[in-house]
$ cat protein.cif   # mmCIF, C-alpha atoms
data_query
#
loop_
_atom_site.label_atom_id
_atom_site.label_comp_id
_atom_site.auth_asym_id
_atom_site.auth_seq_id
_atom_site.Cartn_x
_atom_site.Cartn_y
_atom_site.Cartn_z
CA MET A 213 -68.96 -37.71 58.71
CA ALA A 214 -67.22 -34.44 59.48
CA GLU A 215 -63.44 -34.45 59.49
CA PRO A 216 -61.85 -34.13 62.94
CA THR A 217 -60.57 -30.69 63.81
CA LYS A 218 -56.80 -30.49 63.54
CA SER A 219 -55.14 -29.76 66.87
CA SER A 220 -53.21 -26.53 67.26
CA PRO A 221 -49.41 -26.59 67.60
CA LEU A 222 -49.73 -25.30 71.16
CA SER A 223 -52.07 -28.18 72.01
CA GLU A 224 -49.64 -30.64 70.44
CA LEU A 225 -46.82 -29.10 72.47
CA ARG A 226 -48.69 -29.23 75.78
CA ILE A 227 -49.79 -32.82 75.23
CA ALA A 228 -46.22 -33.88 74.45
CA LEU A 229 -44.58 -32.04 77.39
CA PRO A 230 -44.78 -34.84 80.01
CA SER A 231 -43.01 -37.30 77.71
CA LEU A 232 -40.14 -34.96 76.78
CA PRO A 233 -36.70 -34.84 78.43
CA LEU A 234 -36.53 -32.37 81.30
CA ARG A 235 -34.57 -29.72 79.36
CA LEU A 236 -36.95 -29.87 76.42
CA GLN A 237 -39.87 -29.59 78.85
CA GLU A 238 -38.42 -26.29 80.09
CA VAL A 239 -38.01 -24.98 76.54
CA GLY A 240 -41.50 -26.22 75.64
CA ARG A 241 -43.08 -24.42 78.59
CA PHE A 242 -41.25 -21.25 77.60
CA VAL A 243 -42.62 -21.48 74.04
CA ALA A 244 -46.14 -22.21 75.28
CA ALA A 245 -46.04 -19.20 77.60
CA ASN A 246 -44.51 -16.92 74.94
CA ASP A 247 -46.13 -18.09 71.71
CA TYR A 248 -46.32 -14.55 70.29
CA ASP A 249 -42.59 -13.99 70.84
CA ALA A 250 -41.95 -17.40 69.26
CA THR A 251 -43.52 -16.15 66.02
CA THR A 252 -41.73 -12.78 65.92
CA ARG A 253 -38.27 -13.20 67.44
CA SER A 254 -35.21 -15.10 66.25
CA MET A 255 -34.38 -18.49 67.71
CA ARG A 256 -31.17 -17.03 69.14
CA ASP A 257 -33.07 -14.26 70.96
CA LEU A 258 -35.58 -16.75 72.32
CA ALA A 259 -32.80 -19.03 73.52
CA ALA A 260 -31.03 -16.18 75.29
CA GLU A 261 -34.20 -15.22 77.14
CA ALA A 262 -35.04 -18.82 77.99
CA GLY A 263 -31.47 -19.54 79.11
CA ALA A 264 -31.25 -22.40 76.63
CA ASP A 265 -29.12 -23.59 73.73
CA PRO A 266 -30.67 -22.42 70.40
CA ALA A 267 -30.42 -26.01 69.15
CA ALA A 268 -32.87 -27.01 71.89
CA PHE A 269 -35.65 -25.23 69.98
CA THR A 270 -34.92 -27.35 66.91
CA ARG A 271 -34.88 -30.51 69.03
CA LEU A 272 -38.18 -29.48 70.62
CA ALA A 273 -39.82 -29.00 67.21
CA LYS A 274 -38.61 -32.39 65.97
CA ALA A 275 -39.73 -34.06 69.20
CA ILE A 276 -43.34 -33.05 68.55
CA GLY A 277 -43.39 -33.98 64.88
CA TYR A 278 -42.06 -30.95 62.98
CA SER A 279 -39.05 -31.03 60.67
CA GLY A 280 -37.43 -28.08 62.44
CA TRP A 281 -37.96 -24.84 64.33
CA ASP A 282 -38.94 -22.86 61.23
CA GLN A 283 -41.79 -25.26 60.55
CA LEU A 284 -43.05 -25.11 64.15
CA ARG A 285 -42.82 -21.33 64.14
CA ALA A 286 -44.78 -21.22 60.87
CA ALA A 287 -47.46 -23.42 62.44
CA LEU A 288 -47.63 -21.15 65.49
CA THR A 289 -47.96 -18.11 63.22
CA GLU A 290 -50.74 -19.76 61.21
CA ALA A 291 -52.58 -20.70 64.41
CA ARG A 292 -52.61 -17.05 65.48
CA ARG A 293 -54.51 -16.01 62.38
CA PRO A 294 -58.06 -14.80 63.08
CA SER A 295 -61.09 -16.46 61.56
CA GLN A 296 -62.16 -15.55 58.04
CA ILE A 297 -65.28 -13.75 59.30
CA SER A 298 -63.31 -11.46 61.63
CA PRO A 299 -59.89 -10.97 60.02
CA PHE A 300 -59.28 -7.61 61.66
CA SER A 301 -61.44 -7.44 64.77
CA GLY A 302 -60.26 -10.95 65.62
CA ARG A 303 -56.72 -9.56 65.96
CA ALA A 304 -57.75 -6.75 68.30
CA LYS A 305 -56.55 -6.96 71.87
CA SER A 306 -57.74 -5.06 74.93
CA ARG A 307 -55.90 -1.82 75.50
CA ARG A 308 -52.91 -2.24 77.74
CA HIS A 309 -52.82 -0.45 81.07
CA GLY A 310 -50.06 1.61 82.59
CA PRO A 311 -48.34 4.94 81.85
CA ASN A 312 -46.25 3.56 78.97
CA ALA A 313 -48.77 1.12 77.50
CA ASP A 314 -49.11 2.92 74.17
CA VAL A 315 -45.36 3.32 73.78
CA ALA A 316 -44.91 -0.37 74.57
CA LEU A 317 -47.33 -1.32 71.78
CA VAL A 318 -45.42 0.86 69.31
CA THR A 319 -42.14 -0.71 70.43
CA ASP A 320 -43.53 -4.23 70.11
CA LYS A 321 -44.87 -3.47 66.65
CA LEU A 322 -41.61 -1.96 65.41
CA GLU A 323 -39.62 -4.91 66.79
CA ALA A 324 -41.97 -7.40 65.14
CA GLU A 325 -41.80 -5.54 61.82
CA GLY A 326 -38.00 -5.48 61.93
CA ALA A 327 -37.78 -9.16 62.80
CA GLY A 328 -40.15 -10.02 59.96
CA LEU A 329 -38.02 -8.12 57.46
CA LEU A 330 -34.91 -10.04 58.53
CA ARG A 331 -36.67 -13.32 57.76
CA ILE A 332 -37.44 -12.40 54.13
CA PRO A 333 -35.00 -14.40 51.93
CA ALA A 334 -33.15 -12.38 49.30
CA GLN A 335 -32.55 -15.02 46.62
CA PRO A 336 -36.22 -15.57 45.65
CA ILE A 337 -36.64 -11.80 45.18
CA ALA A 338 -33.55 -11.65 42.98
CA ASP A 339 -34.87 -14.57 40.91
CA ALA A 340 -38.27 -12.89 40.49
CA ALA A 341 -36.62 -9.62 39.47
CA ARG A 342 -34.82 -11.50 36.71
CA ALA A 343 -38.21 -12.66 35.42
CA LEU A 344 -39.42 -9.04 35.45
CA HIS A 345 -36.34 -7.90 33.58
CA ASP A 346 -36.94 -10.53 30.88
CA ALA A 347 -40.69 -9.86 30.60
CA LYS A 348 -42.05 -8.01 27.58
CA ARG A 349 -44.72 -6.43 29.79
CA ILE A 350 -45.33 -6.38 33.53
CA TRP A 351 -48.83 -6.44 35.02
CA ILE A 352 -49.36 -5.67 38.72
CA ALA A 353 -52.48 -6.52 40.74
CA GLY A 354 -53.25 -5.64 44.34
CA TYR A 355 -56.70 -5.24 45.85
CA ARG A 356 -58.03 -3.38 48.87
CA SER A 357 -55.11 -2.56 51.20
CA CYS A 358 -52.66 -4.27 48.83
CA ARG A 359 -53.56 -1.74 46.16
CA SER A 360 -51.12 0.67 47.82
CA VAL A 361 -48.26 -1.82 47.41
CA ALA A 362 -49.21 -2.44 43.78
CA GLU A 363 -49.32 1.30 43.05
CA LEU A 364 -45.91 1.84 44.65
CA LEU A 365 -44.32 -0.93 42.59
CA ASN A 366 -46.07 0.31 39.45
CA TYR A 367 -44.76 3.85 40.06
CA GLU A 368 -41.16 2.77 40.63
CA LEU A 369 -41.03 0.44 37.62
CA ARG A 370 -42.65 3.00 35.31
CA LEU A 371 -39.88 5.48 36.10
CA PHE A 372 -37.62 3.46 33.80
CA ARG A 373 -40.06 1.19 31.90
CA PRO A 374 -43.07 3.45 31.30
CA GLU A 375 -44.51 1.64 28.28
CA GLN A 376 -44.14 -1.88 29.68
CA VAL A 377 -45.73 -1.70 33.14
CA GLN A 378 -49.45 -1.52 33.92
CA LEU A 379 -51.74 -1.86 36.92
CA VAL A 380 -54.51 -4.38 36.38
CA GLY A 381 -57.77 -2.45 36.23
CA ALA A 382 -56.11 0.96 36.05
CA SER A 383 -57.78 2.01 32.81
CA GLY A 384 -61.05 0.05 32.91
CA PRO A 385 -62.68 -3.17 34.05
CA ASP A 386 -60.26 -5.81 35.29
CA ASP A 387 -61.58 -8.45 32.90
CA LEU A 388 -60.32 -6.49 29.89
CA ASP A 389 -56.79 -6.63 31.26
CA LEU A 390 -57.09 -10.31 32.18
CA GLY A 391 -57.80 -11.06 28.55
CA ALA A 392 -54.69 -9.12 27.51
CA PHE A 393 -52.15 -11.27 29.36
CA ARG A 394 -49.72 -12.99 26.99
CA THR A 395 -46.88 -15.51 27.04
CA GLY A 396 -43.59 -13.74 27.71
CA GLU A 397 -45.19 -11.30 30.11
CA ALA A 398 -45.09 -11.26 33.92
CA VAL A 399 -48.02 -10.86 36.29
CA ILE A 400 -47.48 -9.82 39.92
CA VAL A 401 -50.29 -10.49 42.41
CA ILE A 402 -50.12 -9.20 45.98
CA GLY A 403 -52.28 -10.47 48.82
CA PHE A 404 -52.66 -11.70 52.38
CA LEU A 405 -55.37 -13.35 54.44
CA PRO A 406 -58.28 -12.71 53.91
CA TYR A 407 -57.66 -13.20 50.18
CA THR A 408 -59.80 -11.54 47.54
CA HIS A 409 -61.56 -13.42 44.76
CA ALA A 410 -60.18 -10.81 42.34
CA SER A 411 -56.56 -11.72 43.14
CA VAL A 412 -57.30 -15.39 42.46
CA ARG A 413 -58.92 -14.52 39.11
CA VAL A 414 -55.80 -12.59 38.10
CA ALA A 415 -53.56 -15.55 38.99
CA GLN A 416 -55.80 -17.94 37.04
CA ALA A 417 -55.76 -15.65 34.02
CA ALA A 418 -51.95 -15.54 34.15
CA HIS A 419 -51.84 -19.33 34.14
CA ARG A 420 -54.20 -19.56 31.17
CA ALA A 421 -52.14 -17.05 29.20
CA GLY A 422 -48.81 -18.71 29.96
CA ALA A 423 -47.48 -15.56 31.63
CA ALA A 424 -44.96 -15.79 34.47
CA LEU A 425 -46.79 -15.46 37.80
CA ILE A 426 -45.11 -13.78 40.76
CA ALA A 427 -47.07 -13.92 44.03
CA ILE A 428 -46.20 -11.62 46.93
CA ALA A 429 -48.09 -13.38 49.71
CA ASP A 430 -48.18 -14.22 53.40
CA SER A 431 -48.34 -17.99 52.92
CA LEU A 432 -47.38 -20.70 50.45
CA SER A 433 -50.98 -21.87 50.72
CA ALA A 434 -52.40 -18.52 49.57
CA PRO A 435 -54.86 -19.33 46.74
CA MET A 436 -53.33 -16.72 44.43
CA ALA A 437 -49.90 -18.29 44.96
CA GLU A 438 -50.93 -21.75 43.76
CA GLY A 439 -48.72 -22.78 40.84
CA ALA A 440 -46.84 -19.45 40.85
CA ASP A 441 -43.42 -19.33 39.21
CA HIS A 442 -42.14 -17.22 42.10
CA VAL A 443 -43.63 -16.92 45.60
CA LEU A 444 -42.22 -14.09 47.72
CA LEU A 445 -43.32 -14.46 51.32
CA PHE A 446 -43.81 -11.70 53.87
CA GLU A 447 -45.13 -11.85 57.43
CA ALA A 448 -48.49 -10.16 57.77
CA ALA A 449 -49.95 -11.83 60.85
CA SER A 450 -47.06 -11.74 63.31
CA SER A 451 -47.12 -8.00 63.99
CA PRO A 452 -49.38 -6.76 66.82
CA GLY A 453 -52.21 -4.36 66.05
CA PHE A 454 -55.69 -4.85 64.65
CA PHE A 455 -54.51 -4.78 61.03
CA PRO A 456 -52.01 -7.17 59.43
CA SER A 457 -48.65 -5.75 58.41
CA LEU A 458 -47.76 -4.68 54.87
CA THR A 459 -44.20 -3.70 55.78
CA GLY A 460 -42.72 -6.88 54.31
CA ALA A 461 -44.75 -6.60 51.12
CA ILE A 462 -43.56 -3.03 50.62
CA ALA A 463 -39.95 -4.05 51.21
CA ILE A 464 -40.27 -6.85 48.65
CA ALA A 465 -41.88 -4.51 46.10
CA GLN A 466 -39.12 -1.92 46.47
CA SER A 467 -36.45 -4.61 46.26
CA LEU A 468 -37.99 -5.93 43.05
CA ALA A 469 -37.91 -2.44 41.55
CA ALA A 470 -34.32 -1.83 42.63
CA ILE A 471 -33.00 -5.12 41.23
CA THR A 472 -34.98 -4.84 37.99
CA PHE A 473 -33.51 -1.37 37.47
CA SER A 474 -30.00 -2.67 38.15
CA LEU A 475 -30.48 -5.50 35.64
CA GLY A 476 -31.58 -2.93 33.06
CA GLY A 477 -28.10 -1.42 33.02
CA THR A 478 -27.36 1.64 30.89
CA ALA A 479 -30.69 1.53 29.06
CA ALA A 480 -32.66 1.67 32.32
CA LYS A 481 -30.52 4.52 33.60
CA LYS A 482 -31.10 6.54 30.41
CA ARG A 483 -34.86 5.99 30.64
CA LEU A 484 -34.82 7.09 34.27
CA GLU A 485 -32.87 10.23 33.34
CA THR A 486 -35.40 10.96 30.59
CA THR A 487 -38.24 10.63 33.09
CA GLU A 488 -36.45 12.91 35.58
CA ALA A 489 -35.91 15.53 32.89
CA ARG A 490 -39.61 15.45 31.97
CA LEU A 491 -40.65 15.79 35.61
CA ALA A 492 -38.26 18.70 36.06
CA ALA A 493 -39.59 20.43 32.93
CA ALA A 494 -43.12 20.06 34.27
CA SER A 495 -42.01 21.58 37.58
CA THR A 496 -43.34 18.54 39.38
CA TYR A 497 -41.11 19.05 42.40
CA ILE A 498 -40.54 22.11 44.55
CA SER A 499 -37.05 23.56 44.05
CA GLU A 500 -34.84 23.51 47.11
CA LYS A 501 -34.01 26.94 48.46
CA GLY A 502 -30.38 27.82 48.61
#
$ encode --input "protein.cif" --output "structure tokens"
Amino acid sequence: MAEPTKSSPLSELRIALPSLPLRLQEVGRFVAANDYDATTRSMRDLAAEAGADPAAFTRLAKAIGYSGWDQLRAALTEARRPSQISPFSGRAKSRRHGPNADVALVTDKLEAEGAGLLRIPAQPIADAARALHDAKRIWIAGYRSCRSVAELLNYELRLFRPEQVQLVGASGPDDLDLGAFRTGEAVIVIGFLPYTHASVRVAQAAHRAGAALIAIADSLSAPMAEGADHVLLFEAASSPGFFPSLTGAIAIAQSLAAITFSLGGTAAKKRLETTEARLAAASTYISEKG
């Protein structure tokens, strides 16, 4: 017998509304009518617009079976994800009408990106950077659109650790690199829904080798994040537009590089200076005109 389809958080909310206290009903109707804003704006902002106490959003979440507002918001975000067969076209919305429709979309996207960045916790990134600092070698894997994030992180880390950082698959077939993972090394895997089989294979290889696994992902349930030593979450689905957002992943990658460099102290600074001198000798950059 097929398992029953799990109801969506919006359905749960609407079903529960009649049995809630009047004030929570008002907050619940506001959330139901503004479910996109509920996934992208802070609880304080939502409360101000709804004319409610921020604590009412927490009470609402608990009243319908969630442990708090963050858990309800996460469920609303997950429910907005498109199906696996249409991960991008499923996000597409009809073009807005009006003289400022395009500007409004840009504004909404920038606001959502900014709000998503504010919700990225700093401590897990600092902890993961410590693991990178301690690692004998750092491997970085990102596929399809996440390749750009992987290449950026690879570039920044190689500025001061050139012999100890490598992109998975940069110099040949991925499977050769997967067999080279070792205990004492760190493997970074970057991904968001829809997840690639390749990213999962990298994570599995890291587990087999006993390497530290750092997942930069959009969900704790991401298959490449299963069993990871460090999971660094970014919001990919909450930003409007046909394509999920990589802004949070890029911010995490650059933060990892910055903290790892700081932990490296004088030695990292000297290596960076050596790299800068080599780039200058090769005339890599255009000289500024006086």
$ resolve_selection --input "protein.cif" --expression "the PyMOL selection byres ((chain A and resi 439-452) around 6)" --output "PyMOL selection string"
chain A and resi 321+324+328+425-430+437-438+453+456-457+460-461
$ closest_residue --input "protein.cif" --among "A:Asp314, A:Asp282, A:Glu238, A:Glu224" --to "Ala262 of chain A" --atoms "all atoms listed in the file"
A:Glu238
$ resolve_selection --input "protein.cif" --expression "the PyMOL selection byres ((chain A and resi 289) around 10)" --output "compact mmCIF listing (two decimals) with C-alpha atoms, keeping the file's coordinate frame"
# COMPACT_ATOMS: atom_id res chain seq x y z
CA PRO A 221 -49.41 -26.59 67.60
CA ASP A 247 -46.13 -18.09 71.71
CA TYR A 248 -46.32 -14.55 70.29
CA ALA A 250 -41.95 -17.40 69.26
CA THR A 251 -43.52 -16.15 66.02
CA THR A 252 -41.73 -12.78 65.92
CA GLN A 283 -41.79 -25.26 60.55
CA LEU A 284 -43.05 -25.11 64.15
CA ARG A 285 -42.82 -21.33 64.14
CA ALA A 286 -44.78 -21.22 60.87
CA ALA A 287 -47.46 -23.42 62.44
CA LEU A 288 -47.63 -21.15 65.49
CA GLU A 290 -50.74 -19.76 61.21
CA ALA A 291 -52.58 -20.70 64.41
CA ARG A 292 -52.61 -17.05 65.48
CA ARG A 293 -54.51 -16.01 62.38
CA GLU A 447 -45.13 -11.85 57.43
CA ALA A 448 -48.49 -10.16 57.77
CA ALA A 449 -49.95 -11.83 60.85
CA SER A 450 -47.06 -11.74 63.31
$ resolve_selection --input "protein.cif" --expression "the PyMOL selection byres ((chain A and resi 329-344) around 6)" --output "number ranges by chain"
A: 326-328, 345-347, 460, 468, 472
$ residues_around --input "protein.cif" --residues "segment 232-237 of chain A" --least-positions-apart "4" --cutoff "7 Å" --atoms "only C-alpha atoms" --output "list in words"
Ala228, Arg241, Ala268 and Leu272 of chain A
$ write_last_selection --input "protein.cif" --atoms "C-alpha atoms" --output "mmCIF file, in the coordinates of the input"
data_model
loop_
_atom_site.group_PDB
_atom_site.id
_atom_site.type_symbol
_atom_site.label_atom_id
_atom_site.label_comp_id
_atom_site.auth_asym_id
_atom_site.auth_seq_id
_atom_site.Cartn_x
_atom_site.Cartn_y
_atom_site.Cartn_z
ATOM 1 C CA ALA A 228 -46.220 -33.880 74.450
ATOM 2 C CA ARG A 241 -43.080 -24.420 78.590
ATOM 3 C CA ALA A 268 -32.870 -27.010 71.890
ATOM 4 C CA LEU A 272 -38.180 -29.480 70.620
#
$ atom_distance --input "protein.cif" --atom1 "atom CA of Leu491 of chain A" --atom2 "atom CA of Ile400 of chain A"
26.9 Å
